[in-house]
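Asker: start-v3.txt (compact mmCIF, C-alpha atoms) pasted underneath:
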```
# COMPACT_ATOMS: atom_id res chain seq x y z
CA MET A 1 0.00 0.00 0.00
CA SER A 2 1.23 3.47 -0.79
CA THR A 3 2.82 5.78 1.74
CA GLN A 4 1.64 8.98 0.02
CA THR A 5 -0.65 11.39 1.77
CA PRO A 6 -4.23 10.29 1.56
CA HIS A 7 -6.47 11.75 -1.09
CA ALA A 8 -9.19 14.09 0.19
CA ASP A 9 -11.72 11.36 -0.57
CA GLN A 10 -10.25 9.28 2.24
CA TYR A 11 -13.24 10.46 4.28
CA PHE A 12 -15.37 7.92 2.40
CA ILE A 13 -13.13 5.20 3.78
CA HIS A 14 -13.43 6.66 7.28
CA ALA A 15 -17.18 6.61 6.85
CA LEU A 16 -17.09 2.90 6.02
CA LEU A 17 -14.84 2.18 8.99
CA ASN A 18 -17.07 4.10 11.35
CA ASN A 19 -20.39 3.21 9.78
CA GLU A 20 -21.42 6.82 9.19
CA ALA A 21 -24.81 6.23 7.66
CA GLN A 22 -25.13 9.63 6.05
CA VAL A 23 -21.86 9.48 4.16
CA VAL A 24 -22.43 5.84 3.24
CA GLY A 25 -25.78 6.97 1.86
CA GLU A 26 -23.93 9.56 -0.19
CA ILE A 27 -21.69 6.80 -1.58
CA TYR A 28 -24.79 4.98 -2.79
CA ARG A 29 -26.46 8.01 -4.26
CA ARG A 30 -23.39 9.35 -6.00
CA PHE A 31 -21.61 6.25 -7.21
CA ALA A 32 -24.09 3.39 -7.43
CA PRO A 33 -25.87 4.53 -10.61
CA ARG A 34 -22.70 4.17 -12.63
CA VAL A 35 -21.94 0.71 -11.27
CA LYS A 36 -25.51 -0.34 -11.89
CA HIS A 37 -25.32 0.93 -15.44
CA TYR A 38 -22.08 -0.91 -16.08
CA ILE A 39 -23.33 -4.20 -14.66
CA MET A 40 -26.65 -4.03 -16.44
CA GLN A 41 -24.82 -3.32 -19.70
CA ASN A 42 -22.81 -6.45 -19.08
CA SER A 43 -25.39 -9.22 -18.59
CA GLY A 44 -26.25 -8.37 -14.99
CA THR A 45 -29.42 -7.33 -13.18
CA ALA A 46 -30.11 -4.58 -10.67
CA ASP A 47 -29.87 -7.22 -7.95
CA ASP A 48 -26.44 -8.26 -9.18
CA ALA A 49 -25.41 -4.62 -9.09
CA ALA A 50 -26.65 -4.27 -5.52
CA ASP A 51 -24.72 -7.39 -4.46
CA ILE A 52 -21.52 -6.31 -6.16
CA PHE A 53 -21.71 -2.77 -4.84
CA GLN A 54 -22.34 -3.94 -1.29
CA GLU A 55 -19.60 -6.58 -1.33
CA SER A 56 -17.11 -4.14 -2.81
CA LEU A 57 -17.73 -1.68 0.00
CA VAL A 58 -17.20 -4.45 2.56
CA ASP A 59 -13.99 -5.42 0.76
CA ILE A 60 -12.80 -1.83 0.97
CA TYR A 61 -13.71 -1.79 4.65
CA ASN A 62 -11.66 -4.96 5.23
CA GLN A 63 -8.73 -3.58 3.31
CA ALA A 64 -8.78 -0.35 5.29
CA ARG A 65 -9.32 -2.06 8.62
CA TYR A 66 -6.83 -4.88 8.28
CA LYS A 67 -4.44 -3.84 5.53
CA ASN A 68 -4.18 -0.08 6.06
CA LEU A 69 -5.61 0.90 2.71
CA VAL A 70 -4.94 4.57 2.01
CA LEU A 71 -6.67 6.20 -0.92
CA THR A 72 -4.30 7.95 -3.31
CA CYS A 73 -6.86 8.75 -5.99
CA PRO A 74 -10.49 9.87 -5.98
CA PHE A 75 -12.83 7.34 -4.40
CA GLU A 76 -15.10 6.87 -7.38
CA PRO A 77 -12.68 5.34 -9.90
CA PHE A 78 -11.22 3.21 -7.14
CA LEU A 79 -14.61 1.88 -6.11
CA LEU A 80 -15.63 1.33 -9.72
CA MET A 81 -12.46 -0.62 -10.37
CA VAL A 82 -13.11 -2.91 -7.41
CA CYS A 83 -16.72 -3.41 -8.54
CA LYS A 84 -15.64 -4.09 -12.08
CA ARG A 85 -13.02 -6.61 -11.08
CA LYS A 86 -15.55 -8.37 -8.93
CA TRP A 87 -18.18 -8.44 -11.64
CA LEU A 88 -15.79 -9.74 -14.29
CA ASN A 89 -14.83 -12.55 -11.97
CA GLU A 90 -18.45 -13.29 -11.19
CA LEU A 91 -19.18 -13.54 -14.91
CA LYS A 92 -16.27 -15.89 -15.28
CA LYS A 93 -17.57 -18.05 -12.45
CA ARG A 94 -20.97 -18.14 -14.13
CA GLY A 95 -19.18 -19.29 -17.25
CA ARG A 96 -19.99 -16.23 -19.28
CA GLN A 97 -17.70 -14.18 -21.42
CA GLY A 98 -18.30 -11.33 -23.75
CA VAL A 99 -18.07 -8.21 -21.70
CA THR A 100 -18.60 -5.53 -24.28
CA LYS A 101 -19.03 -2.18 -22.62
CA ASP A 102 -16.11 -0.99 -20.64
CA LEU A 103 -15.49 1.49 -17.89
CA ASP A 104 -11.83 1.98 -18.48
CA ASP A 105 -12.06 4.78 -21.00
CA GLN A 106 -14.02 6.90 -18.59
CA PHE A 107 -11.48 6.84 -15.81
CA ASN A 108 -7.81 7.31 -15.73
CA LEU A 109 -6.72 5.39 -12.73
CA GLY A 110 -3.05 5.87 -11.89
CA GLU A 111 -0.89 2.79 -11.74
CA ASP A 112 -0.69 2.80 -7.94
CA SER A 113 -4.40 3.18 -7.54
CA PHE A 114 -5.06 0.51 -10.08
CA ARG A 115 -2.78 -1.84 -8.18
CA ASP A 116 -4.45 -0.97 -4.87
CA ALA A 117 -7.90 -1.62 -6.31
CA GLU A 118 -6.74 -4.91 -7.80
CA LYS A 119 -5.18 -5.89 -4.49
CA THR A 120 -8.30 -4.94 -2.55
CA TRP A 121 -10.32 -7.25 -4.71
CA ALA A 122 -7.74 -10.06 -4.75
CA ASP A 123 -7.04 -10.06 -1.01
CA ASN A 124 -10.72 -10.29 -0.25
CA GLU A 125 -11.37 -12.91 -2.88
CA LYS A 126 -8.55 -14.97 -1.42
CA ALA A 127 -10.06 -14.66 2.04
CA ARG A 128 -13.35 -15.95 0.64
CA LEU A 129 -11.58 -18.83 -1.10
CA PHE A 130 -9.69 -19.80 2.06
CA LYS A 131 -12.86 -19.78 4.09
CA ALA A 132 -14.81 -21.75 1.48
CA MET A 133 -12.08 -24.41 1.34
CA LEU A 134 -11.95 -24.61 5.12
CA GLU A 135 -15.69 -25.16 5.18
CA LYS A 136 -15.30 -28.07 2.77
CA MET A 137 -13.00 -29.94 5.14
CA GLY A 138 -13.99 -32.63 7.60
CA GLU A 139 -15.45 -31.46 10.87
CA ARG A 140 -12.50 -32.48 12.98
CA CYS A 141 -10.02 -30.56 10.82
CA GLN A 142 -12.26 -27.50 10.83
CA GLU A 143 -12.55 -27.66 14.56
CA ILE A 144 -8.82 -27.96 15.05
CA ILE A 145 -7.97 -25.14 12.65
CA ARG A 146 -10.62 -22.81 13.98
CA TRP A 147 -9.50 -23.35 17.55
CA SER A 148 -5.83 -23.00 16.69
CA LEU A 149 -6.46 -19.62 15.14
CA THR A 150 -7.89 -18.20 18.34
CA ASP A 151 -5.53 -16.61 20.81
CA LYS A 152 -5.98 -19.42 23.32
CA PRO A 153 -2.85 -21.33 24.40
CA GLN A 154 -2.38 -24.54 22.40
CA GLU A 155 -2.29 -26.63 25.59
CA GLU A 156 -5.70 -25.33 26.54
CA ILE A 157 -7.07 -26.11 23.09
CA ALA A 158 -5.66 -29.63 23.25
CA SER A 159 -7.40 -30.30 26.53
CA LYS A 160 -10.61 -28.75 25.23
CA LEU A 161 -10.52 -31.10 22.24
CA GLY A 162 -9.59 -34.03 24.48
CA VAL A 163 -6.22 -34.77 22.84
CA THR A 164 -2.58 -34.38 23.81
CA TYR A 165 -0.62 -31.35 22.74
CA GLY A 166 1.63 -33.48 20.56
CA TYR A 167 -1.34 -35.03 18.78
CA LEU A 168 -2.97 -31.64 18.26
CA ARG A 169 0.18 -30.26 16.66
CA LYS A 170 0.54 -33.25 14.36
CA LYS A 171 -3.12 -33.24 13.41
CA LYS A 172 -3.15 -29.50 12.83
CA SER A 173 -0.17 -29.69 10.51
CA GLU A 174 -1.93 -32.44 8.52
CA CYS A 175 -5.11 -30.42 8.30
CA MET A 176 -3.30 -27.23 7.29
CA ALA A 177 -1.33 -29.08 4.61
CA ALA A 178 -4.57 -30.54 3.22
CA LEU A 179 -6.24 -27.13 3.30
CA ILE A 180 -3.35 -25.46 1.50
CA SER A 181 -3.29 -28.10 -1.19
CA GLU A 182 -7.03 -27.66 -1.71
CA ILE A 183 -6.58 -23.89 -1.92
CA LYS A 184 -3.83 -24.20 -4.51
CA GLU A 185 -5.99 -26.40 -6.64
CA ASN A 186 -8.79 -23.86 -6.67
CA LEU A 187 -6.83 -20.64 -7.09
CA SER A 188 -7.19 -20.34 -10.83
CA LYS A 189 -10.82 -21.45 -10.77
CA TRP A 190 -11.43 -18.40 -8.59
CA GLY A 191 -9.56 -16.12 -10.97
CA LEU A 192 -6.64 -15.77 -8.58
CA THR A 193 -2.96 -16.41 -8.97
CA MET B 1 4.20 -26.45 -3.52
CA GLY B 2 6.95 -28.99 -3.92
CA THR B 3 6.05 -32.58 -4.29
CA ASP B 4 8.87 -33.69 -2.08
CA MET B 5 7.31 -32.13 0.99
CA ASN B 6 6.42 -34.67 3.57
CA GLU B 7 4.50 -34.88 6.79
CA LEU B 8 7.56 -34.18 8.80
CA ASP B 9 8.20 -30.96 6.91
CA HIS B 10 4.61 -29.91 7.50
CA GLU B 11 5.01 -30.47 11.18
CA LEU B 12 8.25 -28.51 11.16
CA ILE B 13 6.52 -25.57 9.49
CA GLU B 14 3.77 -25.72 12.05
CA ARG B 15 6.24 -25.80 14.93
CA TYR B 16 8.34 -23.03 13.42
CA LEU B 17 5.36 -20.73 12.95
CA SER B 18 3.97 -21.36 16.40
CA GLY B 19 7.37 -20.65 17.96
CA ASP B 20 7.62 -24.15 19.29
CA MET B 21 11.20 -25.05 18.31
CA ASP B 22 14.40 -25.31 20.29
CA PRO B 23 17.22 -23.03 19.01
CA ASP B 24 19.20 -25.82 17.30
CA THR B 25 16.25 -27.20 15.39
CA LYS B 26 15.25 -23.66 14.47
CA ALA B 27 18.68 -22.80 13.13
CA ALA B 28 18.76 -25.99 11.09
CA PHE B 29 15.30 -25.30 9.73
CA GLU B 30 16.17 -21.72 8.81
CA SER B 31 19.25 -22.80 6.90
CA ARG B 32 17.07 -25.23 4.96
CA LEU B 33 14.72 -22.35 4.10
CA GLU B 34 17.62 -20.58 2.43
CA THR B 35 18.34 -23.45 0.11
CA GLU B 36 14.90 -24.97 -0.44
CA PRO B 37 12.60 -22.51 -2.21
CA ASP B 38 9.68 -24.95 -2.15
CA LEU B 39 9.87 -25.19 1.60
CA LEU B 40 10.08 -21.41 1.89
CA HIS B 41 7.14 -20.96 -0.45
CA THR B 42 5.00 -23.39 1.49
CA LEU B 43 5.93 -21.67 4.72
CA GLN B 44 4.85 -18.32 3.29
CA THR B 45 1.57 -19.66 1.98
CA TRP B 46 0.93 -21.35 5.31
CA ARG B 47 1.53 -18.11 7.20
CA ASN B 48 -0.67 -16.18 4.78
CA VAL B 49 -3.55 -18.67 5.03
CA GLU B 50 -3.42 -18.60 8.82
CA ALA B 51 -3.30 -14.81 9.03
CA THR B 52 -6.09 -14.38 6.50
CA LEU B 53 -8.33 -16.96 8.13
CA ARG B 54 -7.72 -15.45 11.53
CA GLN B 55 -8.89 -12.10 10.20
CA THR B 56 -11.86 -13.56 8.33
CA LEU B 57 -13.10 -15.74 11.14
CA GLN B 58 -12.77 -13.30 13.97
CA PRO B 59 -16.04 -11.57 14.77
CA ASP B 60 -16.08 -7.94 13.68
CA ALA B 61 -19.06 -6.15 15.18
CA GLN B 62 -18.25 -2.96 13.30
CA ARG B 63 -18.32 -4.81 9.99
CA GLU B 64 -21.68 -6.34 10.85
CA GLU B 65 -23.06 -2.89 11.62
CA LEU B 66 -21.76 -1.59 8.31
CA LYS B 67 -23.40 -4.49 6.50
CA LYS B 68 -26.73 -3.54 8.04
CA THR B 69 -26.36 0.02 6.82
CA LEU B 70 -25.44 -1.21 3.35
CA HIS B 71 -28.38 -3.55 3.28
CA GLU B 72 -30.76 -0.72 4.14
CA LEU B 73 -29.38 1.27 1.23
CA ARG B 74 -29.89 -1.57 -1.24
CA PRO B 75 -33.14 -0.13 -2.63
CA VAL B 76 -31.15 2.85 -3.96
CA ILE B 77 -29.90 0.38 -6.56
CA THR B 78 -32.71 -2.11 -6.95
CA LYS B 79 -35.73 0.13 -6.84
CA GLN B 80 -37.04 1.83 -9.94
CA PRO B 81 -37.14 5.60 -9.62
CA ALA B 82 -40.54 6.49 -8.19
CA LYS B 83 -42.92 8.67 -10.13
CA VAL B 84 -44.05 11.81 -8.40
CA VAL B 85 -47.84 11.98 -8.41
CA ARG B 86 -49.95 14.43 -6.46
CA PHE B 87 -52.92 13.02 -4.63
CA ASN B 88 -55.58 14.86 -2.73
CA ARG B 89 -55.54 14.43 1.02
CA SER B 90 -57.84 11.45 1.32
CA LEU B 91 -55.86 9.53 -1.25
CA LEU B 92 -52.57 10.28 0.40
CA ALA B 93 -52.94 7.65 3.09
CA ILE B 94 -53.84 5.06 0.49
CA ALA B 95 -50.94 6.07 -1.70
CA SER B 96 -48.44 5.68 1.11
CA LEU B 97 -50.04 2.36 1.84
CA ALA B 98 -49.60 1.26 -1.74
CA ALA B 99 -45.98 2.35 -1.54
CA ALA B 100 -45.58 0.35 1.65
CA VAL B 101 -47.06 -2.71 -0.02
CA ALA B 102 -44.75 -2.25 -2.98
CA LEU B 103 -41.82 -2.00 -0.58
CA ILE B 104 -42.83 -5.15 1.22
CA LEU B 105 -43.15 -6.94 -2.08
CA TYR B 106 -39.78 -5.69 -2.98
CA LEU B 107 -38.19 -6.69 0.31
CA SER B 108 -38.79 -10.37 -0.04
CA PRO B 109 -36.94 -11.39 -3.19
CA TRP B 110 -35.08 -14.19 -1.46
CA GLU B 111 -38.17 -16.33 -1.04
CA GLN B 112 -38.17 -19.56 -2.93
CA ASP B 113 -41.07 -19.99 -5.29
CA LEU B 114 -42.38 -17.25 -7.49
CA TYR B 115 -45.77 -16.95 -5.87
CA GLN B 116 -44.16 -16.82 -2.46
CA GLN B 117 -41.82 -14.21 -3.72
CA TYR B 118 -44.43 -11.89 -5.10
CA GLY B 119 -47.44 -12.65 -2.92
CA ALA B 120 -48.91 -10.03 -0.61
CA LYS B 121 -47.38 -9.92 2.83
CA GLU B 122 -48.94 -7.19 4.86
CA MET B 123 -52.03 -5.04 5.09
CA ILE B 124 -51.38 -1.65 6.55
CA SER B 125 -53.96 -0.55 9.07
CA PRO B 126 -55.75 2.67 8.09
CA ALA B 127 -55.17 5.77 10.17
CA GLU B 128 -57.40 5.78 13.23
CA ARG B 129 -60.32 8.08 12.67
CA GLY B 130 -62.62 6.27 15.00
CA THR B 131 -65.41 5.46 12.55
CA GLY B 132 -67.02 2.05 12.56
CA THR B 133 -65.58 1.25 9.14
CA ASP B 134 -62.09 2.16 10.22
CA THR B 135 -62.33 -0.11 13.22
CA LEU B 136 -63.41 -2.94 10.96
CA LEU B 137 -60.56 -2.21 8.56
CA ALA B 138 -58.08 -2.12 11.43
CA ASN B 139 -59.38 -5.50 12.55
CA ALA B 140 -59.08 -6.82 9.05
CA ALA B 141 -55.49 -5.57 8.85
CA HIS B 142 -54.70 -7.32 12.10
CA GLN B 143 -56.25 -10.56 10.88
CA PHE B 144 -54.54 -10.33 7.51
CA ASN B 145 -51.17 -9.67 9.06
CA HIS B 146 -51.55 -12.64 11.34
CA HIS B 147 -52.45 -14.82 8.37
CA HIS B 148 -56.06 -15.33 9.51
CA TYR B 149 -57.28 -14.77 5.99
CA ALA B 150 -60.70 -16.38 6.38
CA GLN B 151 -61.44 -14.04 9.27
CA ALA B 152 -60.15 -11.07 7.30
CA ILE B 153 -62.55 -12.00 4.48
CA THR B 154 -65.50 -12.07 6.89
CA THR B 155 -64.55 -8.68 8.30
CA LEU B 156 -64.06 -7.15 4.85
CA ASP B 157 -67.42 -8.59 3.75
CA LYS B 158 -69.02 -6.40 6.42
CA VAL B 159 -67.21 -3.30 5.20
CA LEU B 160 -68.17 -4.00 1.59
CA ALA B 161 -71.82 -4.69 2.47
CA ASP B 162 -71.92 -1.14 3.80
CA GLN B 163 -69.55 0.49 1.29
CA PRO B 164 -69.42 -1.50 -1.94
CA ASP B 165 -67.17 1.19 -3.48
CA ASN B 166 -64.44 0.90 -0.86
CA ALA B 167 -61.55 -0.07 -3.12
CA TYR B 168 -59.19 -0.53 -0.23
CA ALA B 169 -61.46 -3.16 1.37
CA ARG B 170 -62.09 -4.85 -1.97
CA TYR B 171 -58.44 -4.99 -2.85
CA TYR B 172 -57.52 -6.60 0.44
CA ARG B 173 -60.43 -9.01 0.29
CA GLY B 174 -59.06 -10.14 -3.04
CA LEU B 175 -55.63 -10.56 -1.53
CA SER B 176 -57.09 -12.42 1.46
CA TYR B 177 -58.79 -14.90 -0.85
CA LEU B 178 -55.55 -15.30 -2.71
CA GLU B 179 -53.54 -15.91 0.42
CA ASN B 180 -56.27 -18.24 1.62
CA LYS B 181 -55.58 -20.38 -1.46
CA GLN B 182 -58.88 -19.45 -3.13
CA PRO B 183 -57.59 -17.81 -6.31
CA ALA B 184 -60.88 -18.20 -8.17
CA GLN B 185 -62.75 -16.26 -5.47
CA ALA B 186 -60.01 -13.65 -5.42
CA ARG B 187 -60.42 -12.80 -9.07
CA PRO B 188 -63.81 -10.99 -9.08
CA ASP B 189 -62.49 -8.53 -6.47
CA LEU B 190 -59.14 -8.07 -8.16
CA GLU B 191 -60.71 -7.68 -11.58
CA ALA B 192 -63.08 -5.05 -10.20
CA ILE B 193 -60.05 -3.23 -8.82
CA TYR B 194 -58.38 -3.40 -12.21
CA ASN B 195 -61.51 -2.09 -13.93
CA GLY B 196 -61.86 0.74 -11.40
CA GLU B 197 -59.75 3.84 -11.07
CA SER B 198 -58.32 3.45 -7.59
CA VAL B 199 -54.63 3.72 -6.80
CA PHE B 200 -54.58 -0.07 -6.65
CA LYS B 201 -55.66 -0.46 -10.26
CA TYR B 202 -52.50 -2.09 -11.57
CA GLU B 203 -51.74 -3.91 -8.36
CA GLY B 204 -55.13 -5.48 -9.10
CA ALA B 205 -53.80 -6.69 -12.45
CA PHE B 206 -50.59 -7.88 -10.87
CA PHE B 207 -52.38 -10.01 -8.31
CA MET B 208 -54.76 -11.30 -10.98
CA ALA B 209 -51.62 -12.56 -12.65
CA LEU B 210 -50.45 -14.13 -9.40
CA SER B 211 -53.80 -15.84 -8.91
CA TYR B 212 -53.19 -17.62 -12.22
CA LEU B 213 -49.60 -18.31 -11.30
CA LYS B 214 -50.90 -20.02 -8.21
CA GLU B 215 -52.86 -22.35 -10.47
CA LYS B 216 -49.79 -22.80 -12.67
CA ASN B 217 -51.59 -21.12 -15.54
CA GLU B 218 -48.61 -19.26 -16.90
CA ASP B 219 -50.31 -18.07 -20.08
CA LYS B 220 -53.02 -16.26 -18.19
CA CYS B 221 -50.47 -15.00 -15.73
CA ARG B 222 -48.46 -13.52 -18.54
CA GLU B 223 -51.56 -12.05 -20.14
CA TRP B 224 -52.41 -10.09 -16.98
CA LEU B 225 -48.85 -8.92 -16.43
CA GLU B 226 -48.89 -7.52 -19.97
CA LYS B 227 -51.80 -5.27 -19.04
CA ILE B 228 -49.63 -3.29 -16.67
CA PRO B 229 -48.40 -0.10 -18.35
CA GLU B 230 -44.90 1.21 -18.09
CA ASP B 231 -45.78 4.12 -15.83
CA ALA B 232 -47.40 1.96 -13.13
CA ASP B 233 -45.50 1.56 -9.88
CA ILE B 234 -45.74 -2.19 -10.10
CA TYR B 235 -44.42 -2.27 -13.66
CA ALA B 236 -40.85 -3.17 -12.72
CA LYS B 237 -42.03 -6.10 -10.63
CA ALA B 238 -44.30 -7.23 -13.42
CA ARG B 239 -41.43 -7.18 -15.92
CA GLU B 240 -39.23 -9.04 -13.51
CA LEU B 241 -41.81 -11.75 -13.02
CA LEU B 242 -42.43 -11.96 -16.76
CA GLU B 243 -38.78 -12.61 -17.30
CA LYS B 244 -38.73 -15.36 -14.73
CA LEU B 245 -41.71 -17.14 -16.25
```
So, in terms of structure tokens, how does the structure I just supplied come out?
Answerer:
Amino acid sequence: MSTQTPHADQYFIHALLNNEAQVVGEIYRRFAPRVKHYIMQNSGTADDAADIFQESLVDIYNQARYKNLVLTCPFEPFLLMVCKRKWLNELKKRGRQGVTKDLDDQFNLGEDSFRDAEKTWADNEKARLFKAMLEKMGERCQEIIRWSLTDKPQEEIASKLGVTYGYLRKKKSECMAALISEIKENLSKWGLT
Amino acid sequence: MGTDMNELDHELIERYLSGDMDPDTKAAFESRLETEPDLLHTLQTWRNVEATLRQTLQPDAQREELKKTLHELRPVITKQPAKVVRFNRSLLAIASLAAAVALILYLSPWEQDLYQQYGAKEMISPAERGTGTDTLLANAAHQFNHHHYAQAITTLDKVLADQPDNAYARYYRGLSYLENKQPAQARPDLEAIYNGESVFKYEGAFFMALSYLKEKNEDKCREWLEKIPEDADIYAKARELLEKL
């Protein structure tokens, strides 16, 4: 993420972090029509647009909250880029191609901002992939991984799960290895690298 | 990930990342990392997956609050722009009621079957003016909203016996029949609404269509949906349903 001074539009990001309803409302009123137009021009419905817009804002929240996202360009092109990336991937998942109308000409997103938008989308998509793959695992593995990721001491977790510490460690490493292999197999299917 | 990784390596990674290694083992492991890119790569992925999952799985109350706000703003995108129409005072209450009904219809798109999705959900009680009719209508609203449709029909019968031109009562009696799984009985009321000039006119057509949908008569359903003109509030819903048929 860039170390430049934040763009004046950073207040939109603050509003997402602090759930300022009025400013979030402004985000919808000012920027949603364009996203809706783009998605509806590209085989989507108004409902799709609402989903994509909402998820993109949550992705931006996550990126700001956990990855220190700082806006270095106006908010609108950044948001549109995240939405667009998300929609293109959704179309790909639905097995559809042929996106005809593009947004790119309308916005000149600097290289840094483009990379930040791409990363915002990719980091969040990865998080969704990881979680989805975890949820596909056997119950015991899920239990062990979920517990291990809490801040509780490993000894306490072992006794909670009724196993020895040594067994927990061994089992956890097996489960993690299986999870990682599953993730790697699905990366490209999810449009990730 | 390298194919030569084995269970032991996995356990080493796990121990290394959880800080559970004596200094000698750690030093040996770290020197391996310098010469074995596959091992290093797996270690990095492992760390990334753990960190990401930790962040994803931990409860974030602030994020949940934000999601609620976003959800409330959803209609900004999904709702068709409303037409501005001036009503006289007595129609105003009915108009806001129609808007409320439209909103309720709109708010339940995640229901499973099409009828369920588009069926009427709530009758808004009229403003209290204390007249006998209003009391009856308030009762009917209560019954309707608690899914006692047969009772609502009986109550609305009384209103209509006294005021056969009360479009509000007729419209909701039609809907009550419909919800009570009596689509054939619903139709005379709904058709009368469609033929009249009340604010419910095109809602009447819409629910006529639904009454046929309920009987799996898609042709008739379509026919009624087609009657709804572009400038009606319910038009967007009608188009949406048409597309799904």
Asker: May I have the residues of chain A within 7 Å of chain B, counting all atoms listed in the file, written as a count of residues only?
Answerer: 19
Asker: Tell me, in Å to one decimal, how far CA of Ile228 in chain B is from CA of Gly204 in chain B.
Answerer: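 Pair CA of Ile228 in chain B / CA of Gly204 in chain B returns 9.6 Å.
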Asker: Do you know which residues are at most 10 Å from Leu168 in chain A counting all atoms listed in the file, after dropping those on the same chain fewer than 4 positions away, and could you put them as an MDAnalysis selection string?
Answerer: chainID A and resid 144:145 148 154:155 157:159 161:164 172:174
Asker: Can you work out the spacing between CA of Glu143 in chain A and CA of Asn62 in chain A in Å, to one decimal?
Answerer: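 Spanning CA of Glu143 in chain A to CA of Asn62 in chain A is a straight-line distance of 24.6 Å.
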Asker: Quick one, how far is CA of Glu215 in chain B from CA of Leu242 in chain B?
Answerer: 16.0 Å
Asker: Out of B:Ser176, B:Asn166, B:Thr154, B:Thr25, which residue has the shortest atom-to-atom distance to Ile193 in chain B when counting only C-alpha atoms?
Answerer: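 Among the listed residues, the smallest separation from Ile193 in chain B belongs to B:Asn166.
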Asker: Name the residues in contact with range 148-153 of chain B at a cut-off of 8 Å, using only C-alpha atoms, excluding same-chain residues fewer than 6 positions from it; report them as a list in words.
Answerer: Asn139, Ala140, Ala141, Arg173, Ser176, Tyr177, Glu179 and Asn180 of chain B
Asker: With distances taken over only C-alpha atoms, which of B:Tyr172, B:Asp189, B:Tyr16, B:Thr155 is nearest to Leu40 in chain B?
Answerer: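 When distances to Leu40 in chain B are compared using only C-alpha atoms, the smallest one comes from B:Tyr16.
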Asker: Show which residues sit within 12 Å of Glu218 in chain B, as number ranges by chain. Count only C-alpha atoms, and ignore same-chain residues fewer than 2 positions away.
Answerer: B: 114-115, 208-216, 220-225, 241-245
Asker: Distance cut-off 6 Å, centre (-18.3, 1.1, -11.1) in file coordinates, counting only C-alpha atoms: which residues qualify? Return them as an MDAnalysis selection string.
Answerer: chainID A and resid 34:35 80 83:84
Asker: Please report, as JSON, the centre and edge lengths in Å to one decimal of an axis-aligned box covering all listed atoms of range 180-184 of chain A with 5 Å per side.
Answerer:
```
{"center_x": -5.2, "center_y": -26.0, "center_z": -1.5, "size_x": 13.7, "size_y": 14.2, "size_z": 16.0}
```
Asker: Contacts of range 43-45 of chain A at 12 Å or less, counting only C-alpha atoms, minus same-chain residues fewer than 3 places along, as JSON, numbers by chain?
Answerer: {"A": [35, 36, 37, 38, 39, 40, 48, 49, 50, 51, 52, 84, 87, 88, 90, 91, 92, 94, 95, 96, 97, 98, 99, 100, 101], "B": [77, 78, 79, 240, 243]}
